[in-house]
Amino acid sequence: MTASLSDDLTLALTLADAADAISLARFRAADLTISTKPDRTHVTDADLAVEEALRGILTVERPEDGILGEEFGTEGSTRRQWIIDPIDGTANFLRGVPNWATLIALAIDGTPVVGVASAPAFRRRWWAARGSGAWLAENESEPRRLSVSGVAALDDASLSFQSIGQWRDAGYLDALLDLSGAVWRDRAYGDMWSYGLLAEGLVDVVAEFDVKEYDIAPFAVIVEEAGGRFSAIDGSEGISQRSSLATNGLLHEAVVARIEHSHTGS
């Protein structure tokens, strides 16, 4: 890891601390304010407060860098761009379900190089920077380095996805049913937790549709630094394809081929 990425990772972890202090204080709050965005998804006062706070810190600490956030859009340069999802899993957050996190990444020329996923209700935080490995701190213990699983056969693999509806709406329901029938176990852990479990070696395949850059940017770093692979569903590189496939690496090509075959019949 270069000295500059080390500084950026330190800043990303500082941003996560600031986010946790705000979000955890609003989690299960009786006066939580919830509204509906034009795309019919929900946003809470915590989403807005977290992103505003992180943007404020970045304006001071990295004034030349750009920002892409779920709630307030894009501003500044895209050469070095901080990508923020203030609360990934807002639907869980507003129902009091603890499966949510603040996602923070730094991308250079569109490629994520630093990533942090902080889930304070789970008391877990995953992070990585290119060349430094992937790490997890849980229950305030010392961080431990992460490694994906060594599962090499689909029929031994554990698959996680976001929702059946997501695959159906993308026109890939048959592919999901085929893939779930080919693996040892399928579960919809959902949202950020699936990727964290994969980086820890507890899940072997994560695949989903209808994702934006801020939903997946940190995990492109975390999964790969843990030894896995991260791509779009069709195996193409980048985080702007509106789908994602993360695996332990050993299964990646087999999963891409299986989904393609069941989707197209060829």
# chains A, B, ... in the order shown; residues from 1 in each chain; ligands from 1
call {"tool": "residues_around", "arguments": {"residues": "A:Val97", "least_positions_apart": "6", "cutoff": "9 Å", "atoms": "only C-alpha atoms", "output": "mmCIF file with N, CA and C atoms, in the first residue's frame"}}
result
data_model
loop_
_atom_site.group_PDB
_atom_site.id
_atom_site.type_symbol
_atom_site.label_atom_id
_atom_site.label_comp_id
_atom_site.auth_asym_id
_atom_site.auth_seq_id
_atom_site.Cartn_x
_atom_site.Cartn_y
_atom_site.Cartn_z
ATOM 1 N N ARG A 28 -33.528 2.956 15.557
ATOM 2 C CA ARG A 28 -34.673 2.645 16.399
ATOM 3 C C ARG A 28 -35.162 3.851 17.213
ATOM 4 N N ALA A 91 -34.085 0.285 4.235
ATOM 5 C CA ALA A 91 -35.329 -0.421 4.576
ATOM 6 C C ALA A 91 -35.176 -1.217 5.867
ATOM 7 N N ALA A 121 -24.508 -1.445 14.234
ATOM 8 C CA ALA A 121 -25.508 -2.244 14.944
ATOM 9 C C ALA A 121 -25.069 -3.699 15.057
#
call {"tool": "residues_around", "arguments": {"residues": "A:Ala29", "least_positions_apart": "4", "cutoff": "12 Å", "atoms": "only C-alpha atoms", "output": "list in words"}}
result
Ile22, Ser23, Leu24, Ala25, Thr33, Ile34, Thr44, Asp45, Ala46, Phe93, Leu94, Arg95 and Gly96 of chain A
call {"tool": "write_last_selection", "arguments": {"atoms": "N, CA and C atoms", "output": "mmCIF file, in the first residue's frame"}}
result
data_model
loop_
_atom_site.group_PDB
_atom_site.id
_atom_site.type_symbol
_atom_site.label_atom_id
_atom_site.label_comp_id
_atom_site.auth_asym_id
_atom_site.auth_seq_id
_atom_site.Cartn_x
_atom_site.Cartn_y
_atom_site.Cartn_z
ATOM 1 N N ILE A 22 -23.481 9.129 14.251
ATOM 2 C CA ILE A 22 -24.770 9.699 13.860
ATOM 3 C C ILE A 22 -25.821 8.610 13.665
ATOM 4 N N SER A 23 -25.488 7.597 12.895
ATOM 5 C CA SER A 23 -26.486 6.588 12.514
ATOM 6 C C SER A 23 -26.947 5.763 13.703
ATOM 7 N N LEU A 24 -26.004 5.368 14.551
ATOM 8 C CA LEU A 24 -26.377 4.519 15.673
ATOM 9 C C LEU A 24 -27.280 5.265 16.658
ATOM 10 N N ALA A 25 -27.073 6.567 16.784
ATOM 11 C CA ALA A 25 -27.917 7.369 17.672
ATOM 12 C C ALA A 25 -29.353 7.476 17.158
ATOM 13 N N THR A 33 -37.419 10.336 11.194
ATOM 14 C CA THR A 33 -38.187 10.897 10.087
ATOM 15 C C THR A 33 -37.926 10.094 8.823
ATOM 16 N N ILE A 34 -38.993 9.657 8.157
ATOM 17 C CA ILE A 34 -38.898 8.831 6.952
ATOM 18 C C ILE A 34 -39.679 9.503 5.835
ATOM 19 N N THR A 44 -34.217 8.344 5.320
ATOM 20 C CA THR A 44 -34.477 8.795 6.689
ATOM 21 C C THR A 44 -33.623 10.015 7.000
ATOM 22 N N ASP A 45 -33.948 10.661 8.115
ATOM 23 C CA ASP A 45 -33.118 11.793 8.524
ATOM 24 C C ASP A 45 -31.687 11.359 8.809
ATOM 25 N N ALA A 46 -31.491 10.087 9.171
ATOM 26 C CA ALA A 46 -30.142 9.578 9.424
ATOM 27 C C ALA A 46 -29.334 9.487 8.136
ATOM 28 N N PHE A 93 -32.899 -0.408 8.244
ATOM 29 C CA PHE A 93 -32.687 0.608 9.275
ATOM 30 C C PHE A 93 -34.016 1.136 9.804
ATOM 31 N N LEU A 94 -34.936 1.485 8.900
ATOM 32 C CA LEU A 94 -36.176 2.112 9.355
ATOM 33 C C LEU A 94 -37.124 1.128 10.034
ATOM 34 N N ARG A 95 -36.906 -0.187 9.791
ATOM 35 C CA ARG A 95 -37.702 -1.200 10.486
ATOM 36 C C ARG A 95 -37.039 -1.696 11.771
ATOM 37 N N GLY A 96 -35.849 -1.209 12.068
ATOM 38 C CA GLY A 96 -35.150 -1.641 13.270
ATOM 39 C C GLY A 96 -34.358 -2.918 13.099
#
call {"tool": "residues_around", "arguments": {"residues": "A:Trp135", "least_positions_apart": "2", "cutoff": "7 Å", "atoms": "only C-alpha atoms", "output": "list in words"}}
result
Trp126, Trp127, Ala128, Gly133, Ala137, Pro143, Arg144, Arg145 and Leu146 of chain A
call {"tool": "write_last_selection", "arguments": {"atoms": "N, CA, C and O atoms", "output": "PDB file, in the first residue's frame"}}
result
ATOM      1  N   TRP A 126     -15.650  -3.793   8.109  1.00  0.00           N
ATOM      2  CA  TRP A 126     -14.735  -4.386   7.136  1.00  0.00           C
ATOM      3  C   TRP A 126     -14.041  -3.252   6.386  1.00  0.00           C
ATOM      4  O   TRP A 126     -14.658  -2.234   6.078  1.00  0.00           O
ATOM      5  N   TRP A 127     -12.756  -3.454   6.049  1.00  0.00           N
ATOM      6  CA  TRP A 127     -12.073  -2.434   5.266  1.00  0.00           C
ATOM      7  C   TRP A 127     -10.899  -3.029   4.496  1.00  0.00           C
ATOM      8  O   TRP A 127     -10.417  -4.122   4.807  1.00  0.00           O
ATOM      9  N   ALA A 128     -10.453  -2.259   3.494  1.00  0.00           N
ATOM     10  CA  ALA A 128      -9.309  -2.680   2.687  1.00  0.00           C
ATOM     11  C   ALA A 128      -8.788  -1.498   1.890  1.00  0.00           C
ATOM     12  O   ALA A 128      -9.515  -0.532   1.622  1.00  0.00           O
ATOM     13  N   GLY A 133      -4.408  -5.904   1.968  1.00  0.00           N
ATOM     14  CA  GLY A 133      -5.270  -6.945   2.502  1.00  0.00           C
ATOM     15  C   GLY A 133      -6.609  -6.403   2.955  1.00  0.00           C
ATOM     16  O   GLY A 133      -6.842  -5.196   2.987  1.00  0.00           O
ATOM     17  N   ALA A 137     -12.850  -5.778  11.984  1.00  0.00           N
ATOM     18  CA  ALA A 137     -12.854  -5.560  13.432  1.00  0.00           C
ATOM     19  C   ALA A 137     -14.269  -5.824  13.917  1.00  0.00           C
ATOM     20  O   ALA A 137     -15.230  -5.287  13.354  1.00  0.00           O
ATOM     21  N   PRO A 143      -8.251  -6.019  14.954  1.00  0.00           N
ATOM     22  CA  PRO A 143      -8.596  -6.411  13.578  1.00  0.00           C
ATOM     23  C   PRO A 143      -7.910  -7.717  13.187  1.00  0.00           C
ATOM     24  O   PRO A 143      -6.810  -8.018  13.625  1.00  0.00           O
ATOM     25  N   ARG A 144      -8.605  -8.486  12.362  1.00  0.00           N
ATOM     26  CA  ARG A 144      -8.007  -9.699  11.822  1.00  0.00           C
ATOM     27  C   ARG A 144      -8.080  -9.663  10.304  1.00  0.00           C
ATOM     28  O   ARG A 144      -9.027  -9.148   9.721  1.00  0.00           O
ATOM     29  N   ARG A 145      -7.051 -10.233   9.677  1.00  0.00           N
ATOM     30  CA  ARG A 145      -6.995 -10.234   8.223  1.00  0.00           C
ATOM     31  C   ARG A 145      -7.938 -11.290   7.672  1.00  0.00           C
ATOM     32  O   ARG A 145      -8.065 -12.390   8.240  1.00  0.00           O
ATOM     33  N   LEU A 146      -8.599 -10.972   6.562  1.00  0.00           N
ATOM     34  CA  LEU A 146      -9.616 -11.838   6.004  1.00  0.00           C
ATOM     35  C   LEU A 146      -9.111 -12.593   4.778  1.00  0.00           C
ATOM     36  O   LEU A 146      -8.234 -12.124   4.055  1.00  0.00           O
TER      37      LEU A 146
END
call {"tool": "select_by_dssp", "arguments": {"residues": "stretch 7-228 of chain A", "states": "strand (DSSP E or B)", "output": "count of residues only"}}
result
64
call {"tool": "select_by_dssp", "arguments": {"residues": "stretch 139-255 of chain A", "states": "alpha helix (DSSP H)", "output": "PyMOL selection string"}}
result
chain A and resi 164-169+173-182+191-199+213-225+252-255
call {"tool": "residues_around", "arguments": {"residues": "A:Arg123", "least_positions_apart": "4", "cutoff": "12 Å", "atoms": "only C-alpha atoms", "output": "JSON, numbers by chain"}}
result
{"A": [17, 20, 24, 98, 99, 100, 101, 117, 118, 119, 136, 137, 138, 139, 140, 141]}
call {"tool": "write_last_selection", "arguments": {"atoms": "N, CA and C atoms", "output": "mmCIF file, in the first residue's frame"}}
result
data_model
loop_
_atom_site.group_PDB
_atom_site.id
_atom_site.type_symbol
_atom_site.label_atom_id
_atom_site.label_comp_id
_atom_site.auth_asym_id
_atom_site.auth_seq_id
_atom_site.Cartn_x
_atom_site.Cartn_y
_atom_site.Cartn_z
ATOM 1 N N ASP A 17 -16.133 6.451 11.516
ATOM 2 C CA ASP A 17 -16.380 6.779 12.929
ATOM 3 C C ASP A 17 -17.448 7.863 13.053
ATOM 4 N N ASP A 20 -20.881 6.393 12.124
ATOM 5 C CA ASP A 20 -21.420 5.513 13.164
ATOM 6 C C ASP A 20 -22.043 6.300 14.308
ATOM 7 N N LEU A 24 -26.004 5.368 14.551
ATOM 8 C CA LEU A 24 -26.377 4.519 15.673
ATOM 9 C C LEU A 24 -27.280 5.265 16.658
ATOM 10 N N PRO A 98 -30.979 -4.806 12.178
ATOM 11 C CA PRO A 98 -29.597 -4.314 12.280
ATOM 12 C C PRO A 98 -28.712 -4.548 11.062
ATOM 13 N N ASN A 99 -29.237 -5.111 9.984
ATOM 14 C CA ASN A 99 -28.441 -5.387 8.792
ATOM 15 C C ASN A 99 -28.354 -4.134 7.907
ATOM 16 N N TRP A 100 -27.489 -3.202 8.265
ATOM 17 C CA TRP A 100 -27.262 -1.974 7.511
ATOM 18 C C TRP A 100 -25.849 -1.478 7.804
ATOM 19 N N ALA A 101 -25.350 -0.622 6.956
ATOM 20 C CA ALA A 101 -23.985 -0.128 7.139
ATOM 21 C C ALA A 101 -23.794 1.164 6.374
ATOM 22 N N ALA A 117 -16.749 -0.635 5.028
ATOM 23 C CA ALA A 117 -18.157 -0.919 5.289
ATOM 24 C C ALA A 117 -18.306 -1.040 6.805
ATOM 25 N N SER A 118 -18.993 -0.083 7.404
ATOM 26 C CA SER A 118 -19.102 -0.041 8.860
ATOM 27 C C SER A 118 -20.541 -0.305 9.287
ATOM 28 N N ALA A 119 -20.731 -1.362 10.061
ATOM 29 C CA ALA A 119 -22.056 -1.803 10.499
ATOM 30 C C ALA A 119 -22.124 -1.735 12.023
ATOM 31 N N LEU A 136 -11.166 -7.106 9.235
ATOM 32 C CA LEU A 136 -12.422 -7.028 9.973
ATOM 33 C C LEU A 136 -12.136 -6.752 11.433
ATOM 34 N N ALA A 137 -12.850 -5.778 11.984
ATOM 35 C CA ALA A 137 -12.854 -5.560 13.432
ATOM 36 C C ALA A 137 -14.269 -5.824 13.917
ATOM 37 N N GLU A 138 -14.417 -6.658 14.928
ATOM 38 C CA GLU A 138 -15.743 -6.961 15.465
ATOM 39 C C GLU A 138 -15.722 -6.890 16.982
ATOM 40 N N ASN A 139 -16.787 -6.311 17.520
ATOM 41 C CA ASN A 139 -16.935 -6.196 18.974
ATOM 42 C C ASN A 139 -15.732 -5.527 19.625
ATOM 43 N N GLU A 140 -15.151 -4.552 18.892
ATOM 44 C CA GLU A 140 -14.031 -3.753 19.393
ATOM 45 C C GLU A 140 -12.779 -4.573 19.649
ATOM 46 N N SER A 141 -12.702 -5.749 19.034
ATOM 47 C CA SER A 141 -11.504 -6.574 19.172
ATOM 48 C C SER A 141 -10.426 -6.110 18.208
#
call {"tool": "closest_residue", "arguments": {"among": "A:Gly56, A:Gly228, A:Gly89, A:Gly73", "to": "A:Asp191", "atoms": "only C-alpha atoms"}}
result
A:Gly89
call {"tool": "residues_around", "arguments": {"residues": "stretch 163-169 of chain A", "least_positions_apart": "6", "cutoff": "10 Å", "atoms": "only C-alpha atoms", "output": "ChimeraX atom specification"}}
result
/A:175-177,187-191,207-211
call {"tool": "residues_around", "arguments": {"residues": "A:His263", "least_positions_apart": "5", "cutoff": "9 Å", "atoms": "only C-alpha atoms", "output": "MDAnalysis selection string"}}
result
chainID A and resid 171:175 258
call {"tool": "write_last_selection", "arguments": {"atoms": "C-alpha atoms", "output": "PDB file, in the first residue's frame"}}
result
ATOM      1  CA  GLY A 171     -35.163 -10.984 -16.454  1.00  0.00           C
ATOM      2  CA  TYR A 172     -32.860 -13.500 -14.766  1.00  0.00           C
ATOM      3  CA  LEU A 173     -35.224 -15.429 -12.503  1.00  0.00           C
ATOM      4  CA  ASP A 174     -34.596 -18.698 -14.349  1.00  0.00           C
ATOM      5  CA  ALA A 175     -30.868 -18.155 -13.916  1.00  0.00           C
ATOM      6  CA  ARG A 258     -23.856 -21.037 -15.467  1.00  0.00           C
TER       7      ARG A 258
END
call {"tool": "residues_around", "arguments": {"residues": "A:Ala199", "least_positions_apart": "6", "cutoff": "9 Å", "atoms": "only C-alpha atoms", "output": "PyMOL selection string"}}
result
chain A and resi 126+134-135+146-149+219+222-228+247-248
call {"tool": "write_last_selection", "arguments": {"atoms": "all heavy atoms", "output": "compact mmCIF listing (two decimals), in the first residue's frame"}}
result
# COMPACT_ATOMS: atom_id res chain seq x y z
N TRP A 126 -15.65 -3.79 8.11
CA TRP A 126 -14.74 -4.39 7.14
C TRP A 126 -14.04 -3.25 6.39
O TRP A 126 -14.66 -2.23 6.08
CB TRP A 126 -15.51 -5.22 6.12
CG TRP A 126 -16.35 -6.33 6.67
CD1 TRP A 126 -15.99 -7.65 6.77
CD2 TRP A 126 -17.70 -6.27 7.14
NE1 TRP A 126 -17.02 -8.40 7.28
CE2 TRP A 126 -18.09 -7.58 7.52
CE3 TRP A 126 -18.62 -5.23 7.28
CZ2 TRP A 126 -19.35 -7.87 8.03
CZ3 TRP A 126 -19.88 -5.52 7.80
CH2 TRP A 126 -20.23 -6.82 8.16
N ALA A 134 -7.50 -7.32 3.29
CA ALA A 134 -8.82 -6.97 3.81
C ALA A 134 -8.88 -7.33 5.28
O ALA A 134 -8.32 -8.34 5.71
CB ALA A 134 -9.90 -7.73 3.04
N TRP A 135 -9.61 -6.50 6.03
CA TRP A 135 -9.59 -6.63 7.49
C TRP A 135 -10.99 -6.50 8.07
O TRP A 135 -11.87 -5.86 7.49
CB TRP A 135 -8.69 -5.55 8.09
CG TRP A 135 -7.28 -5.65 7.62
CD1 TRP A 135 -6.77 -5.17 6.44
CD2 TRP A 135 -6.21 -6.32 8.28
NE1 TRP A 135 -5.44 -5.49 6.34
CE2 TRP A 135 -5.06 -6.19 7.44
CE3 TRP A 135 -6.10 -7.00 9.49
CZ2 TRP A 135 -3.82 -6.73 7.79
CZ3 TRP A 135 -4.87 -7.54 9.85
CH2 TRP A 135 -3.75 -7.40 9.00
N LEU A 146 -8.60 -10.97 6.56
CA LEU A 146 -9.62 -11.84 6.00
C LEU A 146 -9.11 -12.59 4.78
O LEU A 146 -8.23 -12.12 4.05
CB LEU A 146 -10.84 -11.02 5.60
CG LEU A 146 -11.53 -10.24 6.72
CD1 LEU A 146 -12.72 -9.46 6.16
CD2 LEU A 146 -11.98 -11.17 7.84
N SER A 147 -9.70 -13.76 4.56
CA SER A 147 -9.40 -14.57 3.39
C SER A 147 -10.66 -15.29 2.95
O SER A 147 -11.40 -15.83 3.79
CB SER A 147 -8.30 -15.60 3.70
OG SER A 147 -8.02 -16.38 2.57
N VAL A 148 -10.91 -15.28 1.66
CA VAL A 148 -12.09 -15.98 1.13
C VAL A 148 -11.92 -17.48 1.29
O VAL A 148 -10.83 -17.97 1.62
CB VAL A 148 -12.32 -15.62 -0.35
CG1 VAL A 148 -12.67 -14.15 -0.49
CG2 VAL A 148 -11.11 -15.99 -1.20
N SER A 149 -12.98 -18.21 1.03
CA SER A 149 -12.97 -19.66 1.20
C SER A 149 -12.16 -20.34 0.10
O SER A 149 -11.83 -19.75 -0.93
CB SER A 149 -14.40 -20.21 1.17
OG SER A 149 -14.89 -20.23 -0.17
N PHE A 219 -16.81 -2.94 -1.61
CA PHE A 219 -16.64 -4.39 -1.65
C PHE A 219 -15.79 -4.85 -2.83
O PHE A 219 -15.22 -5.93 -2.79
CB PHE A 219 -18.01 -5.06 -1.66
CG PHE A 219 -18.81 -4.75 -0.44
CD1 PHE A 219 -19.96 -3.99 -0.51
CD2 PHE A 219 -18.38 -5.19 0.82
CE1 PHE A 219 -20.67 -3.68 0.63
CE2 PHE A 219 -19.09 -4.89 1.96
CZ PHE A 219 -20.24 -4.12 1.87
N ILE A 222 -12.59 -4.77 -0.92
CA ILE A 222 -12.55 -5.70 0.21
C ILE A 222 -12.51 -7.15 -0.27
O ILE A 222 -11.70 -7.96 0.20
CB ILE A 222 -13.76 -5.46 1.14
CG1 ILE A 222 -13.64 -4.09 1.81
CG2 ILE A 222 -13.86 -6.56 2.20
CD1 ILE A 222 -14.91 -3.62 2.51
N VAL A 223 -13.38 -7.49 -1.22
CA VAL A 223 -13.43 -8.87 -1.72
C VAL A 223 -12.12 -9.25 -2.42
O VAL A 223 -11.57 -10.33 -2.18
CB VAL A 223 -14.63 -9.05 -2.67
CG1 VAL A 223 -14.53 -10.36 -3.45
CG2 VAL A 223 -15.94 -9.01 -1.89
N GLU A 224 -11.62 -8.38 -3.27
CA GLU A 224 -10.41 -8.71 -4.01
C GLU A 224 -9.19 -8.77 -3.10
O GLU A 224 -8.32 -9.62 -3.27
CB GLU A 224 -10.22 -7.73 -5.16
CG GLU A 224 -11.26 -7.92 -6.24
CD GLU A 224 -11.14 -6.95 -7.39
OE1 GLU A 224 -10.32 -6.00 -7.30
OE2 GLU A 224 -11.87 -7.12 -8.39
N GLU A 225 -9.12 -7.90 -2.12
CA GLU A 225 -8.00 -7.94 -1.18
C GLU A 225 -8.08 -9.16 -0.26
O GLU A 225 -7.07 -9.57 0.30
CB GLU A 225 -7.94 -6.65 -0.36
CG GLU A 225 -7.37 -5.47 -1.13
CD GLU A 225 -5.92 -5.68 -1.52
OE1 GLU A 225 -5.12 -6.10 -0.66
OE2 GLU A 225 -5.57 -5.41 -2.70
N ALA A 226 -9.27 -9.74 -0.13
CA ALA A 226 -9.41 -10.99 0.63
C ALA A 226 -9.10 -12.21 -0.22
O ALA A 226 -9.18 -13.34 0.26
CB ALA A 226 -10.82 -11.09 1.21
N GLY A 227 -8.79 -11.98 -1.50
CA GLY A 227 -8.43 -13.08 -2.39
C GLY A 227 -9.49 -13.50 -3.37
O GLY A 227 -9.31 -14.45 -4.12
N GLY A 228 -10.64 -12.79 -3.38
CA GLY A 228 -11.73 -13.15 -4.25
C GLY A 228 -11.74 -12.36 -5.54
O GLY A 228 -10.78 -11.66 -5.88
N THR A 247 -17.16 -13.56 -5.82
CA THR A 247 -16.92 -14.96 -5.48
C THR A 247 -15.57 -15.10 -4.80
O THR A 247 -14.79 -14.15 -4.70
CB THR A 247 -16.92 -15.86 -6.73
OG1 THR A 247 -15.69 -15.65 -7.46
CG2 THR A 247 -18.10 -15.58 -7.63
N ASN A 248 -15.30 -16.33 -4.38
CA ASN A 248 -13.98 -16.61 -3.81
C ASN A 248 -12.91 -16.72 -4.88
O ASN A 248 -11.76 -17.04 -4.58
CB ASN A 248 -14.03 -17.89 -2.97
CG ASN A 248 -14.35 -19.13 -3.81
OD1 ASN A 248 -14.53 -19.06 -5.02
ND2 ASN A 248 -14.41 -20.28 -3.15
